[in-house]
Structure formats: structure tokens, C-alpha cells
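**Q** The structure file final24.txt (compact mmCIF, C-alpha atoms) is provided below.
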# COMPACT_ATOMS: atom_id res chain seq x y z
CA MET E 1 0.00 0.00 0.00
CA ASN E 2 1.36 3.39 -0.94
CA LEU E 3 -1.22 5.38 0.94
CA VAL E 4 0.85 8.54 1.08
CA ASN E 5 1.06 8.82 -2.69
CA GLU E 6 -2.65 8.08 -2.99
CA LEU E 7 -3.38 10.93 -0.60
CA LYS E 8 -1.12 13.26 -2.53
CA ASP E 9 -3.10 12.38 -5.66
CA ILE E 10 -6.29 13.70 -4.04
CA GLU E 11 -4.77 16.82 -2.49
CA ASN E 12 -7.06 19.01 -4.58
CA ASP E 13 -10.09 17.06 -3.34
CA ILE E 14 -9.05 17.73 0.27
CA ILE E 15 -8.80 21.46 -0.45
CA ILE E 16 -12.20 21.48 -2.16
CA TRP E 17 -13.79 19.64 0.77
CA ARG E 18 -12.27 22.14 3.16
CA ARG E 19 -13.60 25.11 1.22
CA GLU E 20 -17.08 23.63 0.88
CA LEU E 21 -17.21 22.92 4.60
CA HIS E 22 -15.92 26.42 5.29
CA LYS E 23 -18.94 27.86 3.48
CA ARG E 24 -21.25 25.77 5.66
CA ALA E 25 -19.90 26.88 9.06
CA GLU E 26 -22.30 26.06 11.92
CA VAL E 27 -22.04 26.30 15.70
CA GLY E 28 -22.80 23.74 18.38
CA LEU E 29 -24.07 20.17 18.42
CA ASN E 30 -26.65 20.46 15.64
CA LEU E 31 -24.91 21.04 12.30
CA PRO E 32 -27.33 19.99 9.53
CA LYS E 33 -25.53 21.58 6.57
CA THR E 34 -22.14 20.31 7.68
CA SER E 35 -23.28 16.78 8.44
CA ASN E 36 -25.28 16.52 5.20
CA TYR E 37 -22.19 17.48 3.21
CA ILE E 38 -20.00 14.92 5.00
CA LYS E 39 -22.62 12.20 4.59
CA ALA E 40 -22.91 12.93 0.87
CA GLU E 41 -19.15 12.59 0.42
CA LEU E 42 -19.07 9.34 2.40
CA ASP E 43 -21.90 8.05 0.20
CA LYS E 44 -19.81 8.78 -2.90
CA MET E 45 -16.95 6.76 -1.36
CA GLY E 46 -19.23 3.82 -0.62
CA ILE E 47 -18.66 4.16 3.13
CA GLU E 48 -21.53 3.21 5.42
CA TYR E 49 -21.91 5.40 8.50
CA LYS E 50 -23.78 5.72 11.76
CA LEU E 51 -25.69 8.78 12.98
CA TYR E 52 -26.41 9.91 16.54
CA GLU E 53 -29.63 11.09 18.17
CA LYS E 54 -28.36 13.89 20.38
CA CYS E 55 -25.95 15.56 17.99
CA SER E 56 -24.89 15.75 14.34
CA GLY E 57 -22.01 13.34 14.92
CA ILE E 58 -21.10 10.75 12.30
CA SER E 59 -18.98 7.61 12.63
CA ALA E 60 -17.92 4.96 10.15
CA VAL E 61 -15.83 1.79 10.27
CA ILE E 62 -13.38 0.78 7.54
CA GLY E 63 -11.62 -2.60 7.49
CA ASN E 64 -12.61 -6.21 6.80
CA LYS E 65 -10.15 -8.01 9.08
CA GLU E 66 -10.56 -8.63 12.77
CA GLY E 67 -7.93 -7.05 14.98
CA LYS E 68 -7.27 -3.82 16.75
CA VAL E 69 -9.55 -0.82 16.24
CA VAL E 70 -8.07 2.65 15.97
CA ALA E 71 -10.26 5.76 15.92
CA LEU E 72 -9.47 8.92 13.96
CA ARG E 73 -11.39 11.96 15.18
CA ALA E 74 -12.11 15.30 13.54
CA ASP E 75 -14.17 18.04 15.17
CA ILE E 76 -16.49 19.79 12.70
CA ASP E 77 -18.17 22.76 14.43
CA ALA E 78 -17.42 26.46 13.95
CA LEU E 79 -17.42 29.67 15.99
CA PRO E 80 -20.02 32.47 16.28
CA ILE E 81 -17.70 34.96 14.59
CA LYS E 82 -18.39 37.24 11.62
CA GLU E 83 -15.66 36.41 9.14
CA GLU E 84 -13.47 39.23 7.83
CA CYS E 85 -11.30 37.36 5.34
CA GLU E 86 -11.25 38.02 1.60
CA SER E 87 -12.02 34.85 -0.34
CA ASP E 88 -14.67 33.35 -2.58
CA PHE E 89 -15.68 30.68 -0.05
CA LEU E 90 -16.76 32.71 2.97
CA CYS E 91 -19.62 31.55 5.16
CA GLU E 92 -22.65 33.75 4.62
CA ASP E 93 -24.03 33.18 8.11
CA ASN E 94 -22.73 34.74 11.33
CA ALA E 95 -20.44 31.78 11.89
CA MET E 96 -16.87 31.08 10.89
CA HIS E 97 -14.46 28.18 10.84
CA GLY E 98 -12.01 30.27 12.83
CA CYS E 99 -10.41 27.27 14.54
CA GLY E 100 -9.77 25.10 11.50
CA HIS E 101 -12.33 22.38 12.08
CA ASP E 102 -13.25 22.52 8.40
CA ALA E 103 -9.65 21.50 7.69
CA HIS E 104 -9.85 18.67 10.23
CA ALA E 105 -12.96 17.24 8.58
CA ALA E 106 -11.48 17.61 5.08
CA MET E 107 -8.29 15.79 6.08
CA LEU E 108 -10.33 12.98 7.61
CA LEU E 109 -12.41 12.70 4.42
CA GLY E 110 -9.18 12.31 2.46
CA VAL E 111 -8.01 9.60 4.84
CA ALA E 112 -11.41 7.91 4.57
CA LYS E 113 -11.27 7.80 0.78
CA VAL E 114 -7.81 6.25 0.64
CA LEU E 115 -8.50 3.78 3.44
CA LYS E 116 -11.69 2.61 1.73
CA GLN E 117 -9.76 1.97 -1.47
CA ASN E 118 -7.30 -0.18 0.52
CA GLU E 119 -9.79 -1.72 2.95
CA ASP E 120 -8.84 -5.34 2.32
CA ASN E 121 -5.21 -4.67 3.23
CA LEU E 122 -5.82 -3.14 6.65
CA ASN E 123 -4.67 -5.23 9.62
CA GLY E 124 -7.70 -4.34 11.71
CA LYS E 125 -10.30 -1.61 11.61
CA VAL E 126 -10.32 2.18 11.51
CA LYS E 127 -13.24 4.06 13.03
CA LEU E 128 -13.81 7.55 11.65
CA ILE E 129 -15.40 10.04 14.06
CA PHE E 130 -16.75 13.37 12.81
CA GLN E 131 -17.63 15.20 16.04
CA PRO E 132 -19.66 18.40 16.54
CA GLY E 133 -19.74 20.67 19.57
CA GLU E 134 -16.06 20.89 20.47
CA GLU E 135 -16.04 24.63 21.05
CA TYR E 136 -18.82 24.83 23.64
CA ASP E 137 -20.94 21.74 24.12
CA GLY E 138 -18.59 18.85 24.76
CA GLY E 139 -19.70 16.88 21.72
CA ALA E 140 -17.05 14.25 22.43
CA ASN E 141 -18.76 13.38 25.71
CA VAL E 142 -22.17 13.38 24.01
CA MET E 143 -20.96 10.88 21.41
CA ILE E 144 -19.23 8.72 24.04
CA LYS E 145 -22.50 8.47 25.98
CA GLU E 146 -24.20 7.37 22.76
CA GLY E 147 -21.65 4.59 22.29
CA VAL E 148 -19.22 5.92 19.68
CA LEU E 149 -16.31 4.06 21.31
CA GLU E 150 -18.18 0.73 21.16
CA ASN E 151 -19.31 -1.71 18.43
CA PRO E 152 -16.51 -2.17 17.57
CA LYS E 153 -14.72 -1.21 20.76
CA VAL E 154 -12.01 1.37 20.13
CA ASP E 155 -8.52 0.44 21.35
CA ALA E 156 -6.70 3.70 20.59
CA MET E 157 -7.20 7.10 18.98
CA PHE E 158 -5.39 9.76 16.99
CA THR E 159 -6.68 13.31 16.59
CA GLN E 160 -4.96 16.34 15.14
CA HIS E 161 -5.45 20.11 15.15
CA VAL E 162 -4.23 22.71 12.69
CA LEU E 163 -1.73 25.06 14.28
CA LEU E 164 -0.70 28.63 13.53
CA ALA E 165 2.41 29.65 15.43
CA PRO E 166 5.38 32.00 15.09
CA TYR E 167 8.59 30.54 13.63
CA LEU E 168 6.95 27.25 12.62
CA LYS E 169 6.52 26.47 8.93
CA THR E 170 3.60 24.84 7.16
CA GLY E 171 3.74 21.05 7.28
CA MET E 172 5.60 20.77 10.55
CA VAL E 173 4.15 18.40 13.16
CA VAL E 174 4.09 19.31 16.87
CA VAL E 175 3.87 16.53 19.47
CA LYS E 176 4.07 16.19 23.25
CA ASP E 177 3.81 13.37 25.79
CA ASN E 178 1.46 13.39 28.79
CA GLN E 179 -0.34 16.64 29.71
CA ILE E 180 -0.86 18.83 26.69
CA MET E 181 -3.90 21.02 27.52
CA ALA E 182 -5.66 22.09 30.70
CA SER E 183 -9.08 21.34 32.10
CA SER E 184 -11.72 24.04 31.74
CA ASP E 185 -14.10 24.68 34.65
CA ASN E 186 -15.95 27.73 35.93
CA PHE E 187 -17.72 28.90 39.03
CA HIS E 188 -20.41 31.43 39.94
CA ILE E 189 -20.69 33.09 43.32
CA LYS E 190 -23.59 35.31 44.34
CA VAL E 191 -22.64 37.30 47.43
CA LYS E 192 -25.84 38.51 49.13
CA GLY E 193 -26.08 41.32 51.65
CA ILE E 194 -28.64 44.01 52.53
CA GLY E 195 -28.58 47.14 50.42
CA GLY E 196 -29.36 50.68 51.42
CA HIS E 197 -28.19 54.28 51.32
CA ALA E 198 -24.52 54.87 50.58
CA ALA E 199 -24.44 57.49 53.38
CA THR E 200 -25.42 54.93 56.04
CA PRO E 201 -23.38 51.78 55.35
CA GLU E 202 -23.73 50.80 59.02
CA SER E 203 -27.38 50.04 58.28
CA CYS E 204 -26.44 47.70 55.45
CA ILE E 205 -24.57 44.46 54.91
CA ASP E 206 -22.37 45.54 52.05
CA PRO E 207 -21.89 42.86 49.36
CA ILE E 208 -19.16 44.94 47.68
CA ILE E 209 -16.91 44.57 50.73
CA MET E 210 -17.66 40.86 50.99
CA ALA E 211 -17.07 40.25 47.27
CA SER E 212 -13.72 42.06 47.30
CA GLN E 213 -12.57 39.98 50.28
CA VAL E 214 -13.75 36.78 48.61
CA ILE E 215 -11.79 37.60 45.45
CA ASN E 216 -8.62 38.42 47.37
CA ASN E 217 -8.89 35.27 49.46
CA ILE E 218 -9.40 33.07 46.39
CA TYR E 219 -6.33 34.52 44.69
CA ASN E 220 -4.32 34.14 47.89
CA MET E 221 -5.40 30.52 48.16
CA ALA E 222 -4.27 29.81 44.60
CA SER E 223 -0.83 31.32 45.15
CA ARG E 224 -0.20 30.12 48.73
CA GLU E 225 -1.83 26.68 48.91
CA ILE E 226 -0.99 25.22 45.49
CA SER E 227 2.60 24.53 44.48
CA ALA E 228 4.05 26.85 41.87
CA LEU E 229 5.03 23.65 40.02
CA ASP E 230 1.36 22.65 39.67
CA SER E 231 -0.24 24.70 36.92
CA VAL E 232 -3.54 26.15 38.13
CA CYS E 233 -4.99 29.31 36.64
CA ILE E 234 -7.98 30.94 38.38
CA SER E 235 -9.23 34.08 36.66
CA ILE E 236 -12.10 36.21 37.94
CA VAL E 237 -13.63 37.26 34.63
CA ASN E 238 -16.68 39.25 35.68
CA VAL E 239 -17.86 41.09 38.80
CA LYS E 240 -21.29 42.69 38.60
CA SER E 241 -23.47 44.15 41.31
CA GLU E 242 -27.21 44.71 41.38
CA GLN E 243 -27.88 48.01 39.56
CA PRO E 244 -30.97 50.11 38.90
CA GLU E 245 -31.72 50.97 35.27
CA GLN E 246 -30.35 54.46 35.83
CA LEU E 247 -26.81 54.45 37.19
CA ALA E 248 -26.80 55.50 40.86
CA TYR E 249 -23.98 56.61 43.14
CA ASN E 250 -25.90 56.61 46.40
CA ILE E 251 -27.16 53.03 46.59
CA ILE E 252 -25.40 50.06 48.17
CA PRO E 253 -26.63 46.98 46.26
CA ASN E 254 -28.16 43.82 47.66
CA TYR E 255 -25.86 41.40 45.86
CA VAL E 256 -22.72 40.96 43.74
CA ASP E 257 -22.17 38.23 41.14
CA ILE E 258 -18.66 36.83 40.64
CA LEU E 259 -17.80 34.67 37.61
CA ALA E 260 -14.50 32.85 37.23
CA SER E 261 -12.58 30.48 34.96
CA VAL E 262 -10.48 27.63 36.38
CA ARG E 263 -7.76 25.82 34.41
CA CYS E 264 -5.75 22.88 35.79
CA LEU E 265 -3.15 20.53 34.33
CA ASP E 266 -3.91 17.90 37.00
CA ASN E 267 -7.51 16.73 37.19
CA LYS E 268 -7.13 16.05 40.95
CA LEU E 269 -6.59 19.75 41.60
CA ARG E 270 -10.04 20.59 40.22
CA ASP E 271 -11.68 19.01 43.27
CA TYR E 272 -9.30 20.84 45.59
CA VAL E 273 -10.10 24.22 44.00
CA ASN E 274 -13.83 23.53 44.18
CA LYS E 275 -13.65 22.55 47.86
CA ARG E 276 -11.45 25.48 48.92
CA VAL E 277 -13.38 28.14 47.00
CA GLY E 278 -16.56 26.92 48.67
CA GLU E 279 -14.92 27.09 52.10
CA ILE E 280 -13.51 30.56 51.44
CA VAL E 281 -16.87 31.92 50.29
CA LYS E 282 -18.66 30.48 53.31
CA SER E 283 -16.21 31.71 55.94
CA THR E 284 -15.71 35.14 54.38
CA VAL E 285 -19.34 35.98 53.64
CA GLU E 286 -20.80 34.57 56.84
CA GLY E 287 -18.09 36.40 58.78
CA PHE E 288 -19.62 39.64 57.47
CA ARG E 289 -23.18 38.42 58.29
CA GLY E 290 -24.04 37.89 54.61
CA SER E 291 -25.26 34.87 52.67
CA TYR E 292 -24.26 33.38 49.34
CA GLU E 293 -24.88 30.96 46.50
CA TYR E 294 -21.97 29.00 45.05
CA THR E 295 -21.92 26.78 41.95
CA TYR E 296 -18.85 25.04 40.52
CA ASN E 297 -19.26 23.68 36.98
CA TYR E 298 -16.91 20.96 35.77
CA GLY E 299 -16.07 21.34 32.08
CA TYR E 300 -13.54 19.60 29.85
CA PRO E 301 -10.95 17.53 31.74
CA THR E 302 -7.19 17.81 31.29
CA LEU E 303 -6.02 16.50 27.91
CA VAL E 304 -3.41 13.80 28.54
CA ASN E 305 -1.53 12.06 25.73
CA SER E 306 -0.29 8.48 25.92
CA PRO E 307 3.52 8.50 25.45
CA GLU E 308 3.27 5.24 23.49
CA MET E 309 0.73 6.71 21.08
CA VAL E 310 2.73 9.94 20.75
CA SER E 311 5.76 7.81 19.84
CA ILE E 312 3.77 6.29 16.97
CA VAL E 313 2.80 9.75 15.70
CA ARG E 314 6.37 11.01 16.05
CA GLU E 315 7.88 8.12 14.08
CA SER E 316 5.07 8.17 11.50
CA ALA E 317 5.52 11.91 10.97
CA LYS E 318 9.25 11.46 10.46
CA GLU E 319 8.44 8.99 7.68
CA VAL E 320 6.27 11.42 5.72
CA VAL E 321 7.44 14.96 6.55
CA GLY E 322 11.02 14.31 7.66
CA GLU E 323 12.72 14.30 11.05
CA ARG E 324 13.54 18.02 11.04
CA ALA E 325 9.85 18.88 10.60
CA VAL E 326 8.78 17.05 13.77
CA ILE E 327 8.85 19.36 16.80
CA THR E 328 8.42 18.46 20.46
CA MET E 329 6.16 20.92 22.25
CA PRO E 330 8.17 22.25 25.25
CA LYS E 331 5.28 22.67 27.69
CA PRO E 332 1.48 22.35 27.91
CA VAL E 333 -0.94 25.18 27.20
CA MET E 334 -3.78 26.33 29.44
CA GLY E 335 -6.39 26.17 26.71
CA SER E 336 -8.73 23.17 26.66
CA GLU E 337 -10.11 20.58 24.23
CA ASP E 338 -12.92 18.06 24.53
CA ALA E 339 -10.76 15.37 22.91
CA SER E 340 -9.78 14.94 26.56
CA TYR E 341 -12.99 12.96 27.09
CA PHE E 342 -11.88 10.45 24.45
CA LEU E 343 -8.34 10.15 25.81
CA GLU E 344 -9.70 9.49 29.31
CA LYS E 345 -11.31 6.36 27.86
CA VAL E 346 -8.66 5.10 25.41
CA PRO E 347 -4.93 5.74 24.95
CA GLY E 348 -4.36 8.29 22.26
CA ALA E 349 -2.37 11.17 20.85
CA TYR E 350 -3.50 14.71 20.12
CA TYR E 351 -0.99 16.64 18.01
CA GLY E 352 -0.63 19.73 15.82
CA ILE E 353 -0.13 20.17 12.08
CA VAL E 354 1.25 23.60 11.21
CA VAL E 355 -0.69 25.55 8.57
CA GLY E 356 0.90 28.99 8.82
CA ASP E 357 3.61 31.11 10.43
CA LEU E 358 2.17 33.95 12.52
CA ASN E 359 5.28 35.99 11.76
CA GLU E 360 4.28 36.17 8.10
CA ASP E 361 1.96 38.89 6.83
CA GLY E 362 -1.71 37.97 6.54
CA TYR E 363 -1.77 35.22 9.16
CA TYR E 364 -3.80 35.58 12.33
CA PRO E 365 -4.30 33.23 15.30
CA ALA E 366 -7.21 30.88 15.76
CA HIS E 367 -10.52 32.49 16.81
CA HIS E 368 -9.60 35.71 15.00
CA PRO E 369 -12.11 36.94 12.34
CA LYS E 370 -9.26 37.12 9.80
CA MET E 371 -7.82 33.69 10.59
CA LYS E 372 -6.78 31.78 7.46
CA ILE E 373 -4.67 28.70 6.79
CA ASP E 374 -2.05 27.59 4.29
CA GLU E 375 -3.93 24.78 2.55
CA SER E 376 -0.70 23.12 1.39
CA GLY E 377 -0.41 21.75 4.92
CA LEU E 378 -3.62 19.75 4.69
CA VAL E 379 -2.32 16.84 2.65
CA LYS E 380 0.66 16.59 5.01
CA GLY E 381 -1.66 16.40 7.99
CA ALA E 382 -3.70 13.71 6.25
CA THR E 383 -0.56 11.67 5.51
CA VAL E 384 0.56 11.82 9.15
CA LEU E 385 -2.90 10.73 10.30
CA ILE E 386 -3.19 7.79 7.92
CA THR E 387 0.40 6.64 8.50
CA SER E 388 -0.07 6.74 12.26
CA ALA E 389 -3.26 4.67 12.00
CA VAL E 390 -1.74 2.03 9.73
CA ASN E 391 1.48 1.81 11.77
CA TYR E 392 -0.58 1.29 14.93
CA LEU E 393 -2.61 -1.50 13.32
CA ASN E 394 0.58 -3.17 12.08
CA LEU E 395 2.18 -3.26 15.53
CA LYS E 396 2.49 -6.79 16.91
Once more with this new file: its structure as C-alpha cells, please.
**A**
Amino acid sequence: MNLVNELKDIENDIIIWRRELHKRAEVGLNLPKTSNYIKAELDKMGIEYKLYEKCSGISAVIGNKEGKVVALRADIDALPIKEECESDFLCEDNAMHGCGHDAHAAMLLGVAKVLKQNEDNLNGKVKLIFQPGEEYDGGANVMIKEGVLENPKVDAMFTQHVLLAPYLKTGMVVVKDNQIMASSDNFHIKVKGIGGHAATPESCIDPIIMASQVINNIYNMASREISALDSVCISIVNVKSEQPEQLAYNIIPNYVDILASVRCLDNKLRDYVNKRVGEIVKSTVEGFRGSYEYTYNYGYPTLVNSPEMVSIVRESAKEVVGERAVITMPKPVMGSEDASYFLEKVPGAYYGIVVGDLNEDGYYPAHHPKMKIDESGLVKGATVLITSAVNYLNLK
């Protein structure tokens, strides 16, 4: 099987698929235009697929021989951003593929086409997973609950993400063992006092005072109770008090809302942060004779790569893009990804394929309304993905 050359032969198809998906950008778990396009292309390839009740996810299995099952995952949802690029394939709706998920789906379609043409030669099975809802809704977890990792049971997974970074050139592959991205949680505190006239604070229970002490104590906890070697990032992102419609300078409010983001590189620390924030809120607010509501919301867990699976990607990438184009990521990032749900269940590798140098004119980072990619990197990403899958299946 010369799968790499076969992928190179359909490079133009991959680019066309990416542009067509780009025009159909949709947000969330329900992506009818996107899923209909992917299903139509799979139909043309003669690939049978499974649909899911609670989202627009699609999965398919390729391979006629019994053996190991490796999953290849592409997220397919977009962002609620008004695109500002200049091209003839912009999305007309108020949505944009500003994180490259159109490219992920197109690369997986290319892999699907070549694998289907070589189905009888595969030493096992490949499960394709087209997943919605990565940006906000945890579509990976939704699909897991609907059985995407079963029938046949998935043994391992590879998933890639396009990457725009300074000093890195298109086609490079970025890998890292173990922790690669943080968890993503949030909490909401409502500090409740008794409002009144600003000239008589002694007659009130001032929620502003309580909220400021709560915030200081939370930040002090994060810096004094958690080792500097354990990456935890707590950010208070919004503080808002009760306000009348017309701005007033002589009213102490009844309550203050505090919203915060929590990022951790160790899932065990999430429980510690939740417990301690709750204790701090209780002791601080009740010490000032106030009351409170506290809610901690667990989001995406920490994304942890299997070193063994990363090794397969690293060696596979060296085969197809060359050793000098394979870069080891020096440290994790505090962003998050719902591929973490998959890699909690099965060993896997999440890695980056470079599609632009941010030092070059015209390139912008992901989630920017002018974000674009160098499409010449797509076929390279597809070759790394297919080579990693086949090399895994061929392992004794």
C-alpha cells in the first residue's frame, strides 16, 4: 500500500472539501448543513456510516479483518464569529471556521477515501469520528455516551489540530507526551447582603466589601496553597453588582455576582479548588453576616496524551514529513479541548499540524475573524494521520 502517494493524488479534493465545509460553518451540536455534506461525500466513497440522536455526529468503520480498532477523530463545528477574510468561499451566516475544524474534517475525508480503497489490506479496523460541539458543548462526551467508542470497541485514537504559530513552517508536526492542555471549569458566586443608602453603610450588609474579600482570598489561596510547580490558573472574569436601570452613586446593592474560569493541568486539583473556594466563600461571607450561592461547573478535563501513542505519531511523521519537521512541544498550554474525554477512555495522541507562520503577513491566530490557513499543509496532515493509523494497526 502506498497510501501517502494516494493521498497526494487527491490533495485538490481535500482542499475542495475544506472550502465547501468552510462555506457551511455552523455552531454547536446540531450542524445539519455540515453533516449533510460529510454524509454525501461518504456516500460517494461507498462508506456506510452511523448517525447519533443527540448531535450531528457521524462515525464509520473501515476494514474487513478482525484485529485492533483505531479511531481517527475530527471536530467539525465552527465559531459564532463574523468572518473578515477576503475569499470566494466565505460563510454567509454569522459563523466562521475560525479554529480550522473545516480542515480537520477535510483531512479525515481524504483519509477515509484512501482507506476505503485499501480496505482489504488493513490489519484491523479504523473508526472515523466526525464530532460536533467541540467549542462549547462537549460533543465528544455526548458521542461517548451514545456509544461511539463501542461496536466495535475502540482500542486507541489519533486526533490532530491545525496550528498557527510563530517561527513554525507549514507542514511541521508538533507533538508532546502526557499533559498537553488544561481542564476548563468555571464557578459562579452570588454574594448577598442588605442594600441601602450609601451614606449609612452601618445600616447595610455591604456585598461589595464581601465580594472584594472573597476575590482576594481566592487569589491568595491559589498562590499560597498550590505549588508553583502545579499549573492552576484561576481568573475572575466578571464582577457585577445589582444596579438600577439608571446608574446610581448613592445606593449600596443587595448582591454581587462573581464569575470565574479555572484551568488545571492535573484533574485532581479541580476538586481541591472547588472545595477550597466553597470554604472561602462560606467563611468570608458569613463572617460579614451575609449569605451566598456558590456553583462550581466541571467542564472539559485535562487532555493527557499516551507516550506510546505519541511515539507512533512522532515516528510516522518522520516517515512522511522528515525528522527536522517534527517538533516536540516544550510545555502544555492552558487552553482546553474536549478530545480529553476520548483520551480518558482510550490511549491516544493529540498533536498539531502547522498551517501557517504567525510571523508572516496575513496570518492571524485561531478564533480571529481574519484567521486563514495555508492549505498546502492539509495533505501533510492527512498523511501523518493515515500513516499513524496504519502503523498502529501493524504493531504486533
**Q** Nearest to Tyr136 in chain E: which of E:Leu79, E:Met96, E:Val355, E:Val256 is it, counting all atoms listed in the file?
**A** E:Leu79
**Q** Which polymer residues have any atom within 8 Å of an atom of Val69 in chain E, counting all atoms listed in the file, with same-chain residues fewer than 5 positions away left out, as a PDB file with C-alpha atoms, in the frame of the given file?
**A**
ATOM      1  CA  GLY E 124      -7.700  -4.340  11.710  1.00  0.00           C
ATOM      2  CA  LYS E 125     -10.300  -1.610  11.610  1.00  0.00           C
ATOM      3  CA  VAL E 126     -10.320   2.180  11.510  1.00  0.00           C
ATOM      4  CA  LYS E 127     -13.240   4.060  13.030  1.00  0.00           C
ATOM      5  CA  PRO E 152     -16.510  -2.170  17.570  1.00  0.00           C
ATOM      6  CA  LYS E 153     -14.720  -1.210  20.760  1.00  0.00           C
ATOM      7  CA  VAL E 154     -12.010   1.370  20.130  1.00  0.00           C
ATOM      8  CA  ASP E 155      -8.520   0.440  21.350  1.00  0.00           C
ATOM      9  CA  ALA E 156      -6.700   3.700  20.590  1.00  0.00           C
ATOM     10  CA  LEU E 393      -2.610  -1.500  13.320  1.00  0.00           C
TER      11      LEU E 393
END
**Q** What is the CA of Asp374 in chain E-CA of Gly28 in chain E distance in Å, reported with one decimal?
**A**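 Rounded to one decimal, the two atoms are 25.4 Å apart.
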**Q** Give me, as a Markdown table, the closest atom pair and its distance (Å, one decimal) for every residue of range 137-190 of chain E within a cut-off of 6 Å of range 346-350 of chain E, counting all atoms listed in the file, rows sorted by chain and rising number.
**A**
| residue | atom | partner | partner_atom | distance |
| --- | --- | --- | --- | --- |
| E:Ala156 | CA | E:Pro347 | CA | 5.1 |
| E:Met157 | CA | E:Gly348 | CA | 4.5 |
| E:Phe158 | CA | E:Ala349 | CA | 5.1 |
| E:Thr159 | CA | E:Tyr350 | CA | 5.0 |
| E:Gln160 | CA | E:Tyr350 | CA | 5.4 |
**Q** Please determine the residues with any atom at most 9 Å from (0.5, 9.5, 22.9) (coordinates as given in the file, with only C-alpha atoms counting) and report them as a VMD selection string.
**A** chain E and resid 157 to 158 175 to 178 304 to 313 347 to 351
**Q** Could those residues be written to a file, using C-alpha atoms, as an mmCIF file, keeping the file's coordinate frame?
**A**
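Output file result.cif follows:
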data_model
loop_
_atom_site.group_PDB
_atom_site.id
_atom_site.type_symbol
_atom_site.label_atom_id
_atom_site.label_comp_id
_atom_site.auth_asym_id
_atom_site.auth_seq_id
_atom_site.Cartn_x
_atom_site.Cartn_y
_atom_site.Cartn_z
ATOM 1 C CA MET E 157 -7.200 7.100 18.980
ATOM 2 C CA PHE E 158 -5.390 9.760 16.990
ATOM 3 C CA VAL E 175 3.870 16.530 19.470
ATOM 4 C CA LYS E 176 4.070 16.190 23.250
ATOM 5 C CA ASP E 177 3.810 13.370 25.790
ATOM 6 C CA ASN E 178 1.460 13.390 28.790
ATOM 7 C CA VAL E 304 -3.410 13.800 28.540
ATOM 8 C CA ASN E 305 -1.530 12.060 25.730
ATOM 9 C CA SER E 306 -0.290 8.480 25.920
ATOM 10 C CA PRO E 307 3.520 8.500 25.450
ATOM 11 C CA GLU E 308 3.270 5.240 23.490
ATOM 12 C CA MET E 309 0.730 6.710 21.080
ATOM 13 C CA VAL E 310 2.730 9.940 20.750
ATOM 14 C CA SER E 311 5.760 7.810 19.840
ATOM 15 C CA ILE E 312 3.770 6.290 16.970
ATOM 16 C CA VAL E 313 2.800 9.750 15.700
ATOM 17 C CA PRO E 347 -4.930 5.740 24.950
ATOM 18 C CA GLY E 348 -4.360 8.290 22.260
ATOM 19 C CA ALA E 349 -2.370 11.170 20.850
ATOM 20 C CA TYR E 350 -3.500 14.710 20.120
ATOM 21 C CA TYR E 351 -0.990 16.640 18.010
#
**Q** Which one of E:Pro301, E:Pro201, E:Gly138, E:Gly171 sits closest to Ile251 in chain E if you count all atoms listed in the file?
**A** E:Pro201
**Q** Write out as a ChimeraX atom specification the residues lying within 9 Å of Ala95 in chain E, counting all atoms listed in the file and excluding same-chain residues fewer than 2 positions away.
**A** /E:24-27,78-83,91-93,97-98
**Q** If we count all atoms listed in the file and set the cut-off at 7 Å, which residues sit around range 334-341 of chain E, ignoring sequence neighbours fewer than 4 positions away in its own chain? Please answer as a list in words.
**A**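 Surrounding residues, per the criterion: Glu134, Gly138, Ala140, Asn141, Met181, Ala182, Ser183, Ser184, Arg263, Tyr300, Pro301, Thr302, Leu303, Val304 and Lys345 of chain E.
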**Q** Sorted by chain and rising residue number, list the residues of range 96-204 of chain E at most 10 Å from range 30-34 of chain E (counting all atoms listed in the file), each with its closest atom pair and distance in Å to one decimal, as CSV.
**A**
residue,atom,partner,partner_atom,distance
E:Asp102,CA,E:Thr34,CA,9.2
E:Ala105,CA,E:Thr34,CA,9.7
E:Pro132,CA,E:Leu31,CA,7.2
E:Gly133,CA,E:Asn30,CA,8.0
E:Gly139,CA,E:Asn30,CA,9.9
